[in-house]
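> Dropping a structure here in structure tokens format, bear with me for questions.
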Amino acid sequence: MSEAAQVTTPDSAEHFAQEPVGQLVTFIEQHRAMIASALDGLTEDEARLKLVPSKTTLLGLAKHAVFVERVWFEEAFDGLPRSESGLVAGPDESFDLAPEDSIDSIRAEFEAAVARSRARCRGMGADDVVTGNRRGPLPLRWILMHVLREHAQHCGHIDVLREIIIARRTAGAA
């Protein structure tokens, strides 16, 4: 993964000329930035606000994004069981918020997880195989596409929830 992939945008000429891994990483970085900014300007109560029947909250989505990064760039690389690496058993539990979880703490966890993910992939090619996943050996390309899908899906959720929260705030001020 090249450092340039982290600074280009998906619609730049530089991005079009990148190798496939660089293109995937550019899109992932764009979604990581959206996730990192999802909680900007919100109060702690707004970040925890439940607007749907599921566990989905903005803070919960950010916490789940930490889980995604760690599962695919730590567990899949190291092969350690989730219990040994401090991860919850599954994705559903990754949305659970502890009383001590805050915008600042989850944002810091996300930034740290992303930094480790970037370091893990540095210098790897699309066909390089990672062997620690429970599914068996996987090429980096598959992992990157899966992470892109996960982050893109949740960025859509983030957009809708933020829009509702901001609209409620604006309506309350009227």
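Residue numbers start at 1 in each chain; chains themselves are named A, B, ... in the order of the structure tokens; ligands are numbered from 1 in the order shown.
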Sorted by chain and rising residue number, list the residues of region 20-45 of chain A at most 9 Å from region 90-104 of chain A (counting only C-alpha atoms), each with its closest atom pair and distance in Å to one decimal, as JSON lines.


{"residue": "A:Leu39", "atom": "CA", "partner": "A:Ile103", "partner_atom": "CA", "distance": 6.7}
{"residue": "A:Asp40", "atom": "CA", "partner": "A:Ile103", "partner_atom": "CA", "distance": 8.7}
{"residue": "A:Leu42", "atom": "CA", "partner": "A:Ile103", "partner_atom": "CA", "distance": 8.6}
{"residue": "A:Thr43", "atom": "CA", "partner": "A:Ile103", "partner_atom": "CA", "distance": 8.3}
{"residue": "A:Glu44", "atom": "CA", "partner": "A:Ile103", "partner_atom": "CA", "distance": 6.5}

> DSSP on the backbone: what in region 10-139 of chain A comes out helix (DSSP H, G or I), as a ChimeraX atom specification?

/A:13-16,20-36,44-48,58-78,82-85,92-95,103-121

> Go ahead and write the residues just picked, C-alpha atoms, as a PDB file, in the first residue's frame.


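Result file out-v9.pdb:
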ATOM      1  CA  ALA A  13      -5.923  11.423 -12.348  1.00  0.00           C
ATOM      2  CA  GLU A  14      -3.363  10.098  -9.870  1.00  0.00           C
ATOM      3  CA  HIS A  15      -5.977   7.670  -8.489  1.00  0.00           C
ATOM      4  CA  PHE A  16      -6.853   6.351 -11.956  1.00  0.00           C
ATOM      5  CA  PRO A  20      -5.565  -1.892  -7.764  1.00  0.00           C
ATOM      6  CA  VAL A  21      -4.531  -1.982  -4.088  1.00  0.00           C
ATOM      7  CA  GLY A  22      -3.870   1.750  -4.153  1.00  0.00           C
ATOM      8  CA  GLN A  23      -7.283   2.396  -5.671  1.00  0.00           C
ATOM      9  CA  LEU A  24      -9.030   0.291  -3.041  1.00  0.00           C
ATOM     10  CA  VAL A  25      -7.071   1.979  -0.265  1.00  0.00           C
ATOM     11  CA  THR A  26      -7.981   5.417  -1.612  1.00  0.00           C
ATOM     12  CA  PHE A  27     -11.674   4.558  -1.366  1.00  0.00           C
ATOM     13  CA  ILE A  28     -11.205   3.017   2.090  1.00  0.00           C
ATOM     14  CA  GLU A  29      -9.386   6.151   3.255  1.00  0.00           C
ATOM     15  CA  GLN A  30     -12.243   8.308   2.023  1.00  0.00           C
ATOM     16  CA  HIS A  31     -14.699   6.244   4.077  1.00  0.00           C
ATOM     17  CA  ARG A  32     -12.382   6.213   7.100  1.00  0.00           C
ATOM     18  CA  ALA A  33     -12.377  10.013   6.986  1.00  0.00           C
ATOM     19  CA  MET A  34     -16.195  10.034   6.894  1.00  0.00           C
ATOM     20  CA  ILE A  35     -16.336   7.720   9.902  1.00  0.00           C
ATOM     21  CA  ALA A  36     -13.755   9.798  11.786  1.00  0.00           C
ATOM     22  CA  GLU A  44     -22.343  12.843  23.921  1.00  0.00           C
ATOM     23  CA  ASP A  45     -26.120  12.382  24.201  1.00  0.00           C
ATOM     24  CA  GLU A  46     -26.606  12.938  20.466  1.00  0.00           C
ATOM     25  CA  ALA A  47     -23.838  10.442  19.652  1.00  0.00           C
ATOM     26  CA  ARG A  48     -25.628   7.798  21.770  1.00  0.00           C
ATOM     27  CA  LEU A  58     -23.558   7.095  15.720  1.00  0.00           C
ATOM     28  CA  LEU A  59     -21.178   6.272  18.558  1.00  0.00           C
ATOM     29  CA  GLY A  60     -21.986   2.570  18.144  1.00  0.00           C
ATOM     30  CA  LEU A  61     -21.238   2.762  14.419  1.00  0.00           C
ATOM     31  CA  ALA A  62     -17.865   4.355  15.145  1.00  0.00           C
ATOM     32  CA  LYS A  63     -17.143   1.658  17.739  1.00  0.00           C
ATOM     33  CA  HIS A  64     -18.133  -1.022  15.213  1.00  0.00           C
ATOM     34  CA  ALA A  65     -15.711   0.530  12.702  1.00  0.00           C
ATOM     35  CA  VAL A  66     -12.927  -0.045  15.254  1.00  0.00           C
ATOM     36  CA  PHE A  67     -13.999  -3.701  15.404  1.00  0.00           C
ATOM     37  CA  VAL A  68     -13.943  -3.953  11.586  1.00  0.00           C
ATOM     38  CA  GLU A  69     -10.432  -2.514  11.377  1.00  0.00           C
ATOM     39  CA  ARG A  70      -9.144  -4.783  14.132  1.00  0.00           C
ATOM     40  CA  VAL A  71     -10.785  -7.962  12.829  1.00  0.00           C
ATOM     41  CA  TRP A  72      -9.510  -7.528   9.288  1.00  0.00           C
ATOM     42  CA  PHE A  73      -6.068  -6.056   9.933  1.00  0.00           C
ATOM     43  CA  GLU A  74      -5.169  -7.647  13.274  1.00  0.00           C
ATOM     44  CA  GLU A  75      -7.097 -10.893  13.703  1.00  0.00           C
ATOM     45  CA  ALA A  76      -6.828 -11.840  10.017  1.00  0.00           C
ATOM     46  CA  PHE A  77      -3.108 -11.109  10.033  1.00  0.00           C
ATOM     47  CA  ASP A  78      -2.226 -12.642  13.425  1.00  0.00           C
ATOM     48  CA  ARG A  82     -10.795 -12.432  19.513  1.00  0.00           C
ATOM     49  CA  SER A  83     -10.853 -13.181  23.228  1.00  0.00           C
ATOM     50  CA  GLU A  84      -7.043 -12.978  23.368  1.00  0.00           C
ATOM     51  CA  SER A  85      -6.871  -9.682  21.477  1.00  0.00           C
ATOM     52  CA  ASP A  92     -23.453  -7.480  16.978  1.00  0.00           C
ATOM     53  CA  GLU A  93     -21.625  -6.975  20.282  1.00  0.00           C
ATOM     54  CA  SER A  94     -19.299  -4.426  18.680  1.00  0.00           C
ATOM     55  CA  PHE A  95     -22.137  -1.880  18.713  1.00  0.00           C
ATOM     56  CA  ILE A 103     -16.765  10.548  21.420  1.00  0.00           C
ATOM     57  CA  ASP A 104     -13.115  11.199  22.302  1.00  0.00           C
ATOM     58  CA  SER A 105     -12.351   7.636  23.436  1.00  0.00           C
ATOM     59  CA  ILE A 106     -13.961   5.936  20.435  1.00  0.00           C
ATOM     60  CA  ARG A 107     -12.396   8.412  18.018  1.00  0.00           C
ATOM     61  CA  ALA A 108      -8.967   7.703  19.567  1.00  0.00           C
ATOM     62  CA  GLU A 109      -9.541   3.933  19.302  1.00  0.00           C
ATOM     63  CA  PHE A 110     -10.573   4.310  15.660  1.00  0.00           C
ATOM     64  CA  GLU A 111      -7.549   6.442  14.789  1.00  0.00           C
ATOM     65  CA  ALA A 112      -5.208   3.969  16.516  1.00  0.00           C
ATOM     66  CA  ALA A 113      -6.818   0.971  14.785  1.00  0.00           C
ATOM     67  CA  VAL A 114      -6.575   2.687  11.385  1.00  0.00           C
ATOM     68  CA  ALA A 115      -2.904   3.528  11.972  1.00  0.00           C
ATOM     69  CA  ARG A 116      -2.193  -0.137  12.777  1.00  0.00           C
ATOM     70  CA  SER A 117      -4.167  -1.231   9.694  1.00  0.00           C
ATOM     71  CA  ARG A 118      -2.160   1.060   7.441  1.00  0.00           C
ATOM     72  CA  ALA A 119       1.103  -0.210   8.914  1.00  0.00           C
ATOM     73  CA  ARG A 120       0.051  -3.834   8.466  1.00  0.00           C
ATOM     74  CA  CYS A 121      -0.667  -3.379   4.753  1.00  0.00           C
TER      75      CYS A 121
END

> Please list as number ranges by chain every residue within 6 Å of region 123-128 of chain A, counting only C-alpha atoms and excluding residues in the same chain fewer than 3 positions away.

A: 1, 21, 139-141
